[in-house]
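Asks: This is upload-v8.cif (mmCIF, C-alpha atoms).
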```cif
data_final
loop_
_atom_site.label_atom_id
_atom_site.label_comp_id
_atom_site.auth_asym_id
_atom_site.auth_seq_id
_atom_site.Cartn_x
_atom_site.Cartn_y
_atom_site.Cartn_z
CA MET A 1 100.27 100.87 103.19
CA PRO A 2 100.39 97.75 105.37
CA ARG A 3 97.80 95.12 104.57
CA ARG A 4 96.18 92.19 106.31
CA SER A 5 95.12 89.78 103.62
CA SER A 6 92.16 88.49 105.61
CA ARG A 7 90.89 91.96 106.58
CA SER A 8 89.76 93.45 103.29
CA THR A 9 86.06 93.01 104.06
CA ALA A 10 83.74 94.64 106.54
CA ALA A 11 83.64 91.50 108.68
CA ALA A 12 87.22 92.15 109.76
CA ALA A 13 86.13 95.24 111.63
CA ALA A 14 84.59 93.06 114.34
CA ALA A 15 88.04 92.50 115.84
CA GLU A 16 88.54 94.28 119.14
CA ILE A 17 90.51 97.49 119.36
CA PRO A 18 93.51 96.31 121.39
CA ALA A 19 93.95 97.60 124.90
CA GLU A 20 97.45 98.86 124.12
CA ALA A 21 95.99 101.31 121.57
CA SER A 22 95.14 103.70 124.42
CA SER A 23 96.23 107.02 125.88
CA ALA A 24 99.36 105.23 127.21
CA SER A 25 100.55 104.67 123.63
CA PRO A 26 103.92 106.32 122.79
CA ALA A 27 103.89 110.02 121.87
CA SER A 28 105.43 109.05 118.54
CA ASN A 29 102.17 107.47 117.29
CA PRO A 30 101.51 110.13 114.59
CA ALA A 31 105.02 109.83 113.14
CA ARG A 32 104.89 106.04 113.26
CA LEU A 33 101.50 106.02 111.54
CA LEU A 34 102.72 108.25 108.73
CA ALA A 35 105.78 106.06 108.26
CA ALA A 36 103.61 102.92 108.13
CA LEU A 37 101.36 104.55 105.53
CA ASP A 38 104.31 105.90 103.53
CA LEU A 39 102.97 109.44 103.91
CA LYS A 40 104.97 112.60 104.48
CA GLY A 41 103.26 114.82 107.04
CA HIS A 42 104.03 118.46 107.76
CA ASP A 43 101.92 118.96 110.89
CA LEU A 44 102.16 116.03 113.29
CA GLU A 45 99.74 117.61 115.72
CA ILE A 46 96.84 117.41 113.28
CA TYR A 47 97.45 113.68 112.97
CA ARG A 48 97.65 113.42 116.76
CA ALA A 49 94.21 115.00 116.92
CA ALA A 50 92.94 112.57 114.27
CA LEU A 51 94.09 109.66 116.43
CA THR A 52 92.56 111.00 119.65
CA HIS A 53 89.22 109.51 120.59
CA ARG A 54 87.09 111.75 122.78
CA SER A 55 87.66 109.39 125.69
CA ALA A 56 91.38 110.28 125.65
CA VAL A 57 91.02 114.07 125.71
CA GLY A 58 93.00 115.42 128.67
CA LEU A 59 94.97 112.22 129.20
CA SER A 60 98.76 111.99 128.92
CA PHE A 61 100.33 110.75 125.70
CA GLY A 62 103.38 109.48 127.54
CA ASP A 63 105.49 112.67 127.46
CA ASP A 64 103.55 114.78 129.98
CA ARG A 65 101.44 116.31 127.23
CA THR A 66 97.68 116.14 126.96
CA SER A 67 95.31 116.74 124.08
CA ASP A 68 92.51 119.27 124.37
CA GLU A 69 90.95 118.22 121.07
CA SER A 70 89.34 114.96 119.99
CA ASN A 71 89.08 113.76 116.42
CA GLU A 72 85.39 114.66 116.11
CA ARG A 73 85.84 117.87 114.09
CA LEU A 74 88.24 116.12 111.72
CA GLU A 75 85.74 113.25 111.54
CA PHE A 76 83.10 115.71 110.34
CA LEU A 77 85.44 117.00 107.63
CA GLY A 78 86.59 113.54 106.57
CA ASP A 79 83.00 112.30 106.30
CA ALA A 80 82.22 115.02 103.75
CA LEU A 81 85.41 114.34 101.82
CA LEU A 82 84.87 110.58 101.65
CA GLY A 83 81.34 111.10 100.37
CA ALA A 84 82.64 113.41 97.66
CA PHE A 85 85.50 111.09 96.65
CA ALA A 86 83.18 108.08 96.45
CA ALA A 87 80.61 110.08 94.48
CA GLU A 88 83.28 111.21 92.02
CA GLU A 89 84.48 107.64 91.42
CA LEU A 90 80.93 106.34 90.96
CA PHE A 91 80.03 109.19 88.61
CA ARG A 92 82.99 108.37 86.37
CA ARG A 93 82.66 104.59 86.60
CA PHE A 94 78.91 104.33 85.95
CA PRO A 95 77.98 107.03 83.39
CA GLU A 96 74.57 105.48 82.64
CA GLU A 97 73.32 104.93 86.18
CA PRO A 98 70.58 107.23 87.58
CA GLU A 99 70.94 109.30 90.73
CA GLY A 100 69.13 106.82 92.97
CA VAL A 101 71.47 103.96 92.13
CA LEU A 102 74.57 106.14 92.58
CA THR A 103 73.30 107.37 95.94
CA ARG A 104 72.70 103.84 97.22
CA ARG A 105 76.13 102.72 96.07
CA ARG A 106 77.85 105.70 97.65
CA SER A 107 76.15 104.90 100.95
CA ALA A 108 77.49 101.34 100.74
CA LEU A 109 81.05 102.54 100.13
CA VAL A 110 81.16 104.94 103.09
CA ARG A 111 79.03 103.03 105.59
CA THR A 112 80.45 102.55 109.08
CA GLU A 113 81.27 98.86 108.67
CA GLN A 114 83.22 99.41 105.44
CA LEU A 115 85.23 102.34 106.78
CA ALA A 116 85.99 100.33 109.91
CA ALA A 117 87.27 97.48 107.75
CA TRP A 118 89.59 99.82 105.86
CA ALA A 119 90.78 101.27 109.18
CA GLN A 120 91.55 97.77 110.43
CA GLU A 121 93.45 96.98 107.26
CA ILE A 122 95.88 99.86 107.79
CA GLU A 123 96.07 98.95 111.50
CA LEU A 124 94.79 102.37 112.52
CA ASP A 125 93.62 100.89 115.81
CA THR A 126 97.21 100.32 116.97
CA PHE A 127 98.03 104.04 116.72
CA MET A 128 94.93 105.48 118.39
CA TYR A 129 94.76 107.34 121.69
CA LEU A 130 91.90 105.67 123.49
CA ALA A 131 91.02 105.61 127.18
CA PRO A 132 91.54 102.25 128.92
CA GLY A 133 88.42 100.10 128.71
CA GLU A 134 86.92 102.11 125.82
CA ARG A 135 86.19 99.12 123.61
CA GLY A 136 82.45 98.52 123.89
CA SER A 137 80.34 96.42 121.56
CA VAL A 138 81.16 95.39 118.02
CA SER A 139 79.05 98.26 116.67
CA GLY A 140 80.78 100.61 119.12
CA ARG A 141 84.20 99.50 117.90
CA ASP A 142 83.09 99.97 114.32
CA ARG A 143 82.02 103.54 115.06
CA ILE A 144 85.34 104.33 116.76
CA LEU A 145 87.37 102.91 113.89
CA ALA A 146 85.22 104.49 111.16
CA GLY A 147 85.39 107.84 112.93
CA ALA A 148 89.18 107.63 113.18
CA TYR A 149 89.41 106.76 109.49
CA GLU A 150 87.29 109.78 108.58
CA ALA A 151 89.42 111.95 110.86
CA LEU A 152 92.59 110.66 109.20
CA ILE A 153 91.24 111.64 105.77
CA GLY A 154 90.39 115.08 107.15
CA ALA A 155 93.89 115.44 108.59
CA ILE A 156 95.56 114.43 105.32
CA PHE A 157 93.38 116.94 103.47
CA LEU A 158 94.31 119.82 105.78
CA ASP A 159 97.99 118.88 105.91
CA ARG A 160 98.67 117.79 102.32
CA GLY A 161 95.70 118.89 100.24
CA VAL A 162 92.83 117.31 98.39
CA THR A 163 94.92 115.46 95.80
CA VAL A 164 96.89 113.50 98.40
CA ALA A 165 93.78 112.80 100.48
CA ARG A 166 91.90 111.51 97.43
CA SER A 167 94.86 109.41 96.30
CA PHE A 168 95.20 107.83 99.74
CA PHE A 169 91.53 106.84 99.87
CA ASN A 170 91.42 105.69 96.26
CA ARG A 171 94.05 103.03 96.88
CA GLN A 172 91.52 101.10 98.94
CA LEU A 173 88.37 102.31 97.21
CA LYS A 174 89.38 101.35 93.66
CA ARG A 175 90.71 97.98 94.80
CA ASP A 176 87.54 97.00 96.69
CA ILE A 177 84.74 98.88 94.91
CA ALA A 178 83.66 95.98 92.71
CA THR A 179 83.45 93.56 95.65
CA VAL A 180 81.55 96.01 97.84
CA LEU A 181 79.05 96.94 95.14
CA THR A 182 78.49 93.34 94.06
CA SER A 183 77.43 92.43 97.59
CA VAL A 184 75.11 95.43 97.71
CA ASP A 185 73.52 94.81 94.32
CA THR A 186 72.90 91.11 94.98
CA ALA A 187 71.48 91.78 98.44
CA ASN A 188 68.29 93.20 96.91
CA PRO A 189 67.70 91.46 93.57
CA LYS A 190 64.13 92.74 93.18
CA GLY A 191 65.26 96.32 93.72
CA ARG A 192 68.18 95.92 91.33
CA LEU A 193 65.98 94.41 88.60
CA GLN A 194 63.47 97.24 88.97
CA GLU A 195 66.26 99.83 88.75
CA ILE A 196 67.38 98.30 85.45
CA THR A 197 63.93 98.18 83.90
CA GLN A 198 63.02 101.66 85.16
CA ASN A 199 66.27 103.05 83.85
CA LEU A 200 65.83 101.50 80.40
CA HIS A 201 62.06 101.65 79.88
CA GLN A 202 60.54 103.58 82.82
CA ARG A 203 58.50 100.55 83.83
CA ALA A 204 58.75 97.95 86.59
CA PRO A 205 58.64 94.15 86.26
CA SER A 206 55.70 92.18 87.64
CA TYR A 207 55.56 88.96 89.67
CA ARG A 208 52.97 86.17 89.54
CA THR A 209 52.68 83.06 91.68
CA ILE A 210 52.21 80.15 89.30
CA HIS A 211 52.34 77.26 91.76
CA ALA A 212 52.07 76.52 95.48
CA GLU A 213 52.26 73.13 97.14
CA GLY A 214 52.88 71.40 100.45
CA PRO A 215 51.27 71.62 103.90
CA ALA A 216 50.62 75.00 105.52
CA HIS A 217 53.75 74.78 107.67
CA ALA A 218 56.01 73.87 104.75
CA ARG A 219 54.64 75.56 101.65
CA GLN A 220 56.72 75.90 98.52
CA PHE A 221 55.96 78.64 96.03
CA THR A 222 56.97 79.09 92.41
CA VAL A 223 56.90 82.62 91.02
CA GLU A 224 57.60 84.02 87.59
CA VAL A 225 58.83 87.53 86.90
CA ARG A 226 57.59 89.23 83.74
CA PHE A 227 58.43 92.40 81.88
CA ASP A 228 56.05 93.71 79.22
CA GLY A 229 54.27 90.35 79.22
CA VAL A 230 57.44 88.33 78.63
CA VAL A 231 58.57 85.83 81.26
CA LEU A 232 62.12 86.67 82.27
CA ALA A 233 62.63 83.89 84.82
CA THR A 234 61.04 81.72 87.50
CA GLY A 235 62.10 81.03 91.06
CA GLY A 236 61.03 78.98 94.04
CA GLY A 237 61.05 79.44 97.80
CA ALA A 238 59.35 78.80 101.12
CA SER A 239 57.49 82.11 100.86
CA LYS A 240 56.23 84.26 98.03
CA ARG A 241 58.87 86.87 98.82
CA ALA A 242 61.69 84.31 98.73
CA ALA A 243 60.39 82.94 95.44
CA GLU A 244 60.17 86.45 93.97
CA GLU A 245 63.75 87.17 95.02
CA ALA A 246 64.90 83.90 93.47
CA ALA A 247 63.12 84.78 90.24
CA ALA A 248 64.66 88.27 90.22
CA THR A 249 68.11 86.79 90.82
CA GLU A 250 67.68 84.44 87.88
CA ALA A 251 66.43 87.31 85.71
CA LEU A 252 69.50 89.39 86.61
CA SER A 253 71.69 86.45 85.68
CA ARG A 254 69.99 86.19 82.28
CA ILE A 255 70.37 89.91 81.68
CA GLU A 256 74.05 89.67 82.52
CA ASP A 257 74.51 86.75 80.11
CA GLU A 258 72.24 87.90 77.29
CA GLY A 259 72.36 91.67 77.61
CA ALA A 260 69.73 94.38 78.03
CA GLY A 261 68.14 93.33 74.74
CA LEU A 262 66.28 90.74 76.79
CA LEU A 263 64.14 93.61 78.09
CA ARG A 264 63.11 95.06 74.76
CA PRO A 265 59.35 95.65 74.60
#
```
Just give me the structure as structure tokens.
Replies:
Amino acid sequence: MPRRSSRSTAAAAAAEIPAEASSASPASNPARLLAALDLKGHDLEIYRAALTHRSAVGLSFGDDRTSDESNERLEFLGDALLGAFAAEELFRRFPEEPEGVLTRRRSALVRTEQLAAWAQEIELDTFMYLAPGERGSVSGRDRILAGAYEALIGAIFLDRGVTVARSFFNRQLKRDIATVLTSVDTANPKGRLQEITQNLHQRAPSYRTIHAEGPAHARQFTVEVRFDGVVLATGGGASKRAAEEAAATEALSRIEDEGAGLLRP
């Protein structure tokens, strides 16, 4: 599988789909894609469909042939498969996590931006059949790339079976899962802290503002986060919410360093 070292994150998906990745691309695109991915395909036409954006339906592939099918049906299938594969990995990797946490993490792993990044990494954009000028906004490009990635998974599943499809996806998933989930978990420290306390003791932490200073236009707040009457951490910020998030972040850091025993009643 070809890799671009700087394109392993969702930010890479903002790159434009190149104009040459259009309906004028060579008819050998499916075979070239499979060779680049080191995959053996039995039915090239299913991969051709996976590479065909709806804007290219009916256009020539360069050998007087046209496609009557876009990748949307395969996208539907691939979406379901990716959700199942991600759920399976999360279920095995986090045996103690409750359903809500697993659901949120699965959503992060199969969100449009992440799938688009993985599509960019394997250079899926260079093999697509796309009508000239069909590039759109950044979010539009993300949707096109994510949809093609889902369609590719669907095509591999139909052509080679579930084991090969899962193995293909897992090469990227298992490599990047820790990075993706770390960014998700740290993006909402209050939510993550509450998940931990609810999971362990079925209770939520509480927050209390212990200090506020400065003029109205430049206030600074200090907040402490408590669990069962014990102060876990304090944090400061320009708003109560920012201070609460800082306190939760510090509490998560303490829990990571000292263990869940910190939360014993």
Asks: List the residues selected by the PyMOL selection byres ((chain A and resi 40-52) around 7) in the file shown, writing them as an MDAnalysis selection string.
Replies: chainID A and resid 30:31 34 38:39 53:54 56:57 69:71 74 127:130 148 151:152 155 159
Asks: With C-alpha atoms kept, could you save the residues just selected as a tab-separated table (two decimals), in the frame of the given file?
Replies:
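Saved to part12.tsv:
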```tsv
chain	number	residue	atom	x	y	z
A	30	PRO	CA	101.51	110.13	114.59
A	31	ALA	CA	105.02	109.83	113.14
A	34	LEU	CA	102.72	108.25	108.73
A	38	ASP	CA	104.31	105.90	103.53
A	39	LEU	CA	102.97	109.44	103.91
A	53	HIS	CA	89.22	109.51	120.59
A	54	ARG	CA	87.09	111.75	122.78
A	56	ALA	CA	91.38	110.28	125.65
A	57	VAL	CA	91.02	114.07	125.71
A	69	GLU	CA	90.95	118.22	121.07
A	70	SER	CA	89.34	114.96	119.99
A	71	ASN	CA	89.08	113.76	116.42
A	74	LEU	CA	88.24	116.12	111.72
A	127	PHE	CA	98.03	104.04	116.72
A	128	MET	CA	94.93	105.48	118.39
A	129	TYR	CA	94.76	107.34	121.69
A	130	LEU	CA	91.90	105.67	123.49
A	148	ALA	CA	89.18	107.63	113.18
A	151	ALA	CA	89.42	111.95	110.86
A	152	LEU	CA	92.59	110.66	109.20
A	155	ALA	CA	93.89	115.44	108.59
A	159	ASP	CA	97.99	118.88	105.91
```
Asks: Closest to Ile156 in chain A among A:Leu102, A:Ala131, A:Leu77, A:Leu232, using all atoms listed in the file?
Replies: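 Under the stated criterion, the closest residue is A:Leu77.
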Asks: Counting only C-alpha atoms, figure out which residue out of A:Ala247, A:Asp257, A:Arg219, A:Phe85 gets nearest to Val162 in chain A.
Replies: A:Phe85
Asks: Work out how far apart CA of Glu89 in chain A and CA of Thr179 in chain A are and give it in Å to one decimal.
Replies: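 Result for CA of Glu89 in chain A versus CA of Thr179 in chain A: 14.7 Å, one decimal.
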Asks: Please measure the separation of CA of Arg171 in chain A and CA of Arg106 in chain A, giving the value in Å to one decimal.
Replies: 16.4 Å
Asks: Looking at only C-alpha atoms, which of A:Leu33, A:Phe94, A:Ser206, A:Ala27 is the one that sits closest to Gly229 in chain A?
Replies: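 Residue with the minimum atom-to-atom distance to Gly229 in chain A: A:Ser206.
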Asks: Neighbourhood query: residues within 10 Å of (75.7, 95.9, 100.2), file coordinates, counting only C-alpha atoms; return as a compact mmCIF listing (two decimals) with C-alpha atoms, keeping the file's coordinate frame.
Replies:
```txt
# COMPACT_ATOMS: atom_id res chain seq x y z
CA ARG A 104 72.70 103.84 97.22
CA ARG A 105 76.13 102.72 96.07
CA SER A 107 76.15 104.90 100.95
CA ALA A 108 77.49 101.34 100.74
CA LEU A 109 81.05 102.54 100.13
CA ARG A 111 79.03 103.03 105.59
CA GLN A 114 83.22 99.41 105.44
CA THR A 179 83.45 93.56 95.65
CA VAL A 180 81.55 96.01 97.84
CA LEU A 181 79.05 96.94 95.14
CA THR A 182 78.49 93.34 94.06
CA SER A 183 77.43 92.43 97.59
CA VAL A 184 75.11 95.43 97.71
CA ASP A 185 73.52 94.81 94.32
CA THR A 186 72.90 91.11 94.98
CA ALA A 187 71.48 91.78 98.44
CA ASN A 188 68.29 93.20 96.91
```
Asks: Which distance in Å separates CA of Gly58 in chain A and CA of Ala146 in chain A, to one decimal?
Replies: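 Between CA of Gly58 in chain A and CA of Ala146 in chain A the gap is 22.1 Å.
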Asks: Looking at A:Gln202, A:Thr163, A:Thr103, A:Gln172, which one is nearest to Gln120 in chain A, with distances taken over only C-alpha atoms?
Replies: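 Residue with the minimum atom-to-atom distance to Gln120 in chain A: A:Gln172.
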Asks: Quick one: which residues end up in the PyMOL selection byres ((chain A and resi 237) around 12) for this structure, as an MDAnalysis selection string?
Replies: chainID A and resid 209 211:214 218:224 234:236 238:247
Asks: Can you turn the PyMOL selection byres ((chain A and resi 79) around 9) into a concrete residue list for this file, as a ChimeraX atom specification?
Replies: /A:74-78,80-84,110,147,150-151,153-154
Asks: Using only C-alpha atoms, which of the listed residues (A:Arg143, A:Leu59, A:Glu113, A:Ala87) sits closest to Glu72 in chain A?
Replies: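 Of the candidates, the smallest distance to Glu72 in chain A is held by A:Arg143.
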Asks: Put a box with edges along x, y and z around all the listed atoms of range 66-84 of chain A, pad it by 4 Å on each side, then give me its centre and sizes in Å, one decimal, as JSON.
Replies:
```
{"center_x": 89.5, "center_y": 114.9, "center_z": 112.3, "size_x": 24.3, "size_y": 16.7, "size_z": 37.3}
```
Asks: Counting all atoms listed in the file, which of A:Lys190, A:Glu121, A:Ile210, A:Asp142 gets nearest to Ala251 in chain A?
Replies: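 The closest residue to Ala251 in chain A is A:Lys190.
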